[in-house]
Amino acid sequence: MGKVRGNKAYNVLMVFFSATGNTKKIADRIQQKIESMDVTVTKYDITSYEDRNRTLALDEYDAVFFGFPIYSLRAPRVCREWLKRQEGNDKPCSVFFTYGGFGKEPAHYYIKKLLTERRFTLVSTAEFLGAHTFNYSGWQAAEGRPNQSDFEMAEDYAVQTLQRFKDGDIKAVCDFEKVKYTSEQLDQAEQFRFHVIKQLPTRDDKACTMCMLCETLCPTNAMNALKGEADAEACIACFRCIANCPDSVLHTNDIAAAWENKLNMHQTTKEAIDQMKSQIFL
Ligand SMILES: Cc1cc2nc3c(=O)[nH]c(=O)nc-3n(C[C@H](O)[C@H](O)[C@H](O)COP(=O)(O)O)c2cc1C
């Protein structure tokens, strides 16, 4: 039973996708903060395939937070496809992203476009640093993030967004500068991950207890636990199987050698990424 304000609880839905846990950590912190402010929060995790195929009764909630990692400069394709099936009916919402310290701008621009098309009223967005998924295979981007300063920013974002949700005259988020990449160019960029992760999650010859978790958790039903490999067509390289394997027997190719190239390509350094700050957009 949620806390009651007047005679009606303010109900917020928190929808999130989190393959390796960063986005969930931020979602948990936002939840804690707004629950301390007389708000009922219902979490809805759409990382699993089955949960993305359930119908969601959005009407039951006053406002929605969406939390996504950034994959190839945008919200993951599976999340965008899920969003395209939702009807906003002018409901206020906000989106927070976690990302590994590289490209991110298109994510805000394109999520605003998509949510507006689905008739949601987007009141704010935010981006939080999160250890890069590819660190599991040898990169070193945003290690240890989200950290205390990211969590403090998440609390600030929660308070400011809740205020906007509850304002009688709901204010939309700022306009994001039109990005230089078209959706088609970004679709092509999405293939870049397979230039780096050439060998998709595969079991090595260490002892596997056959718990089947990799197969159960796979967001796209790509993993075959018996074969010990992911289907190349379906795998989105989210690393959920690798991050959750209790026996640590799954891996991709080692991409440590591609780390310097990645930094050079983005004209940045590991230290510069470590210094990056999470941000709120109102
Ligand atoms: C397929 C894929 C693509 C990614 N693309 C980007 C990107 O374009 N920019 C970036 O900074 N981080 C990128 N990342 C890193 C994630 O956004 C980051 O690690 C995020 O916090 C993961 O969230 P999670 O732990 O909730 O799954 C990518 C990760 C994956 C798996």
# chains A, B, ... in the order shown; residues from 1 in each chain; ligands from 1
>>> residues_around(residues="segment 118-133 of chain A", least_positions_apart="5", cutoff="7 Å", atoms="only C-alpha atoms", output="PyMOL selection string")
chain A and resi 22+84+86-101+112+141-146+150+161+164+171-173+239+278-282
>>> residues_around(residues="Lys227 of chain A", least_positions_apart="4", cutoff="12 Å", atoms="only C-alpha atoms", output="ChimeraX atom specification")
/A:201-204,208,210,212,214-215,222-223,231,250
>>> write_last_selection(atoms="N, CA, C and O atoms", output="PDB file, in the first residue's frame")
ATOM      1  N   PRO A 201      28.725 -13.804 -27.017  1.00  0.00           N
ATOM      2  CA  PRO A 201      28.915 -14.618 -25.807  1.00  0.00           C
ATOM      3  C   PRO A 201      28.943 -16.127 -26.081  1.00  0.00           C
ATOM      4  O   PRO A 201      28.050 -16.682 -26.712  1.00  0.00           O
ATOM      5  N   THR A 202      30.016 -16.742 -25.604  1.00  0.00           N
ATOM      6  CA  THR A 202      30.262 -18.166 -25.846  1.00  0.00           C
ATOM      7  C   THR A 202      30.806 -18.762 -24.557  1.00  0.00           C
ATOM      8  O   THR A 202      31.547 -18.097 -23.830  1.00  0.00           O
ATOM      9  N   ARG A 203      30.465 -20.030 -24.313  1.00  0.00           N
ATOM     10  CA  ARG A 203      30.978 -20.694 -23.110  1.00  0.00           C
ATOM     11  C   ARG A 203      32.395 -21.202 -23.369  1.00  0.00           C
ATOM     12  O   ARG A 203      32.670 -21.742 -24.442  1.00  0.00           O
ATOM     13  N   ASP A 204      33.276 -20.992 -22.376  1.00  0.00           N
ATOM     14  CA  ASP A 204      34.609 -21.566 -22.538  1.00  0.00           C
ATOM     15  C   ASP A 204      34.604 -22.967 -21.929  1.00  0.00           C
ATOM     16  O   ASP A 204      33.556 -23.467 -21.539  1.00  0.00           O
ATOM     17  N   CYS A 208      30.741 -25.692 -16.204  1.00  0.00           N
ATOM     18  CA  CYS A 208      29.466 -24.974 -16.191  1.00  0.00           C
ATOM     19  C   CYS A 208      28.452 -25.852 -15.463  1.00  0.00           C
ATOM     20  O   CYS A 208      28.359 -27.047 -15.743  1.00  0.00           O
ATOM     21  N   MET A 210      25.344 -25.688 -15.702  1.00  0.00           N
ATOM     22  CA  MET A 210      24.122 -25.772 -16.514  1.00  0.00           C
ATOM     23  C   MET A 210      22.902 -25.238 -15.756  1.00  0.00           C
ATOM     24  O   MET A 210      21.844 -25.846 -15.742  1.00  0.00           O
ATOM     25  N   MET A 212      21.267 -22.691 -16.630  1.00  0.00           N
ATOM     26  CA  MET A 212      20.381 -22.187 -17.687  1.00  0.00           C
ATOM     27  C   MET A 212      20.054 -20.693 -17.550  1.00  0.00           C
ATOM     28  O   MET A 212      19.254 -20.155 -18.316  1.00  0.00           O
ATOM     29  N   CYS A 214      21.662 -18.054 -18.276  1.00  0.00           N
ATOM     30  CA  CYS A 214      22.005 -17.241 -19.456  1.00  0.00           C
ATOM     31  C   CYS A 214      20.853 -17.267 -20.462  1.00  0.00           C
ATOM     32  O   CYS A 214      20.517 -16.245 -21.065  1.00  0.00           O
ATOM     33  N   GLU A 215      20.255 -18.446 -20.597  1.00  0.00           N
ATOM     34  CA  GLU A 215      19.155 -18.596 -21.558  1.00  0.00           C
ATOM     35  C   GLU A 215      17.885 -17.915 -21.022  1.00  0.00           C
ATOM     36  O   GLU A 215      17.188 -17.209 -21.751  1.00  0.00           O
ATOM     37  N   ALA A 222      18.262 -15.054 -27.471  1.00  0.00           N
ATOM     38  CA  ALA A 222      19.353 -15.395 -28.389  1.00  0.00           C
ATOM     39  C   ALA A 222      20.254 -16.502 -27.846  1.00  0.00           C
ATOM     40  O   ALA A 222      20.926 -17.197 -28.594  1.00  0.00           O
ATOM     41  N   MET A 223      20.265 -16.654 -26.512  1.00  0.00           N
ATOM     42  CA  MET A 223      21.249 -17.559 -25.914  1.00  0.00           C
ATOM     43  C   MET A 223      20.741 -18.998 -25.872  1.00  0.00           C
ATOM     44  O   MET A 223      19.606 -19.246 -25.473  1.00  0.00           O
ATOM     45  N   ASP A 231      22.886 -16.786 -30.570  1.00  0.00           N
ATOM     46  CA  ASP A 231      22.542 -16.729 -31.990  1.00  0.00           C
ATOM     47  C   ASP A 231      22.938 -15.355 -32.542  1.00  0.00           C
ATOM     48  O   ASP A 231      22.541 -14.310 -32.009  1.00  0.00           O
ATOM     49  N   LEU A 250      31.227 -17.529 -19.413  1.00  0.00           N
ATOM     50  CA  LEU A 250      30.887 -16.942 -20.711  1.00  0.00           C
ATOM     51  C   LEU A 250      31.817 -15.770 -21.013  1.00  0.00           C
ATOM     52  O   LEU A 250      32.214 -15.032 -20.111  1.00  0.00           O
TER      53      LEU A 250
END
>>> atom_distance(atom1="atom CA of Tyr181 of chain A", atom2="atom 22 (C, counted along the ligand's line) of ligand 1")
21.8 Å
>>> residues_around(residues="Gly138 of chain A", least_positions_apart="5", cutoff="10 Å", atoms="only C-alpha atoms", output="PyMOL selection string")
chain A and resi 133+252-259
>>> residues_around(residues="Ala107 of chain A", least_positions_apart="3", cutoff="6 Å", atoms="only C-alpha atoms", output="number ranges by chain")
A: 73-75, 104, 110-111
>>> write_last_selection(atoms="N, CA, C and O atoms", output="short mmCIF file (atom, residue, chain, number, x, y, z; two decimals), in the first residue's frame")
data_model
loop_
_atom_site.label_atom_id
_atom_site.label_comp_id
_atom_site.auth_asym_id
_atom_site.auth_seq_id
_atom_site.Cartn_x
_atom_site.Cartn_y
_atom_site.Cartn_z
N LEU A 73 24.37 5.14 -29.44
CA LEU A 73 23.90 6.54 -29.42
C LEU A 73 22.41 6.75 -29.19
O LEU A 73 21.94 7.88 -29.15
N ARG A 74 21.65 5.70 -29.04
CA ARG A 74 20.21 5.84 -28.78
C ARG A 74 19.74 4.85 -27.72
O ARG A 74 20.49 3.96 -27.33
N ALA A 75 18.48 4.98 -27.32
CA ALA A 75 17.90 3.92 -26.47
C ALA A 75 17.99 2.62 -27.25
O ALA A 75 17.89 2.63 -28.48
N LYS A 104 26.27 10.22 -26.98
CA LYS A 104 25.01 10.21 -26.22
C LYS A 104 23.96 11.18 -26.73
O LYS A 104 22.77 10.97 -26.51
N TYR A 110 16.29 11.81 -30.14
CA TYR A 110 15.39 10.81 -30.76
C TYR A 110 14.36 10.26 -29.77
O TYR A 110 13.27 9.86 -30.19
N ILE A 111 14.68 10.26 -28.49
CA ILE A 111 13.66 9.75 -27.55
C ILE A 111 12.54 10.78 -27.42
O ILE A 111 11.36 10.42 -27.29
#
>>> closest_residue(among="A:Phe17, A:Trp139, A:Tyr44, A:Tyr157", to="ligand 1", atoms="only C-alpha atoms and all ligand atoms")
A:Phe17
>>> select_by_dssp(residues="segment 71-189 of chain A", states="alpha helix (DSSP H)", output="JSON, numbers by chain")
{"A": [77, 78, 79, 80, 81, 82, 83, 105, 106, 107, 108, 109, 110, 111, 112, 113, 114, 115, 116, 117, 148, 149, 150, 151, 152, 153, 154, 155, 156, 157, 158, 159, 160, 161, 162, 163, 164, 165, 166, 183, 184, 185, 186, 187, 188, 189]}
>>> closest_residue(among="A:Asp187, A:Asp62, A:Asp175, A:Asp51", to="ligand 1", atoms="only C-alpha atoms and all ligand atoms")
A:Asp187
>>> atom_distance(atom1="atom CA of Thr47 of chain A", atom2="atom CA of Phe16 of chain A")
7.3 Å
>>> atom_distance(atom1="atom CA of Glu152 of chain A", atom2="atom 21 (O, counted along the ligand's line) of ligand 1")
16.6 Å
>>> residues_around(residues="segment 29-43 of chain A", least_positions_apart="4", cutoff="8 Å", atoms="only C-alpha atoms", output="list in words")
Gly2, Lys3, Val4, Arg5, Ala9, Tyr10, Asn11, Val12, Leu13, Met14, Val15, Phe16, Lys25, Phe151, Ala154, Glu155, Tyr157, Ala158, Val159 and Leu162 of chain A
>>> residues_around(residues="Thr268 of chain A", least_positions_apart="6", cutoff="12 Å", atoms="only C-alpha atoms", output="list of chain:residue names")
A:Gly101, A:Phe102, A:Gly103, A:Ala141, A:Trp259, A:Glu260, A:Asn261, A:Lys262, A:Asp274, A:Gln275, A:Met276
>>> closest_residue(among="A:Arg240, A:Lys277, A:Arg54, A:His251", to="Gln199 of chain A", atoms="only C-alpha atoms")
A:His251
>>> closest_residue(among="A:Leu226, A:Asn135, A:Glu105, A:Thr220", to="Phe176 of chain A", atoms="only C-alpha atoms")
A:Glu105
>>> closest_residue(among="A:Gln140, A:Thr209, A:Thr55, A:Asn264", to="ligand 1", atoms="only C-alpha atoms and all ligand atoms")
A:Gln140
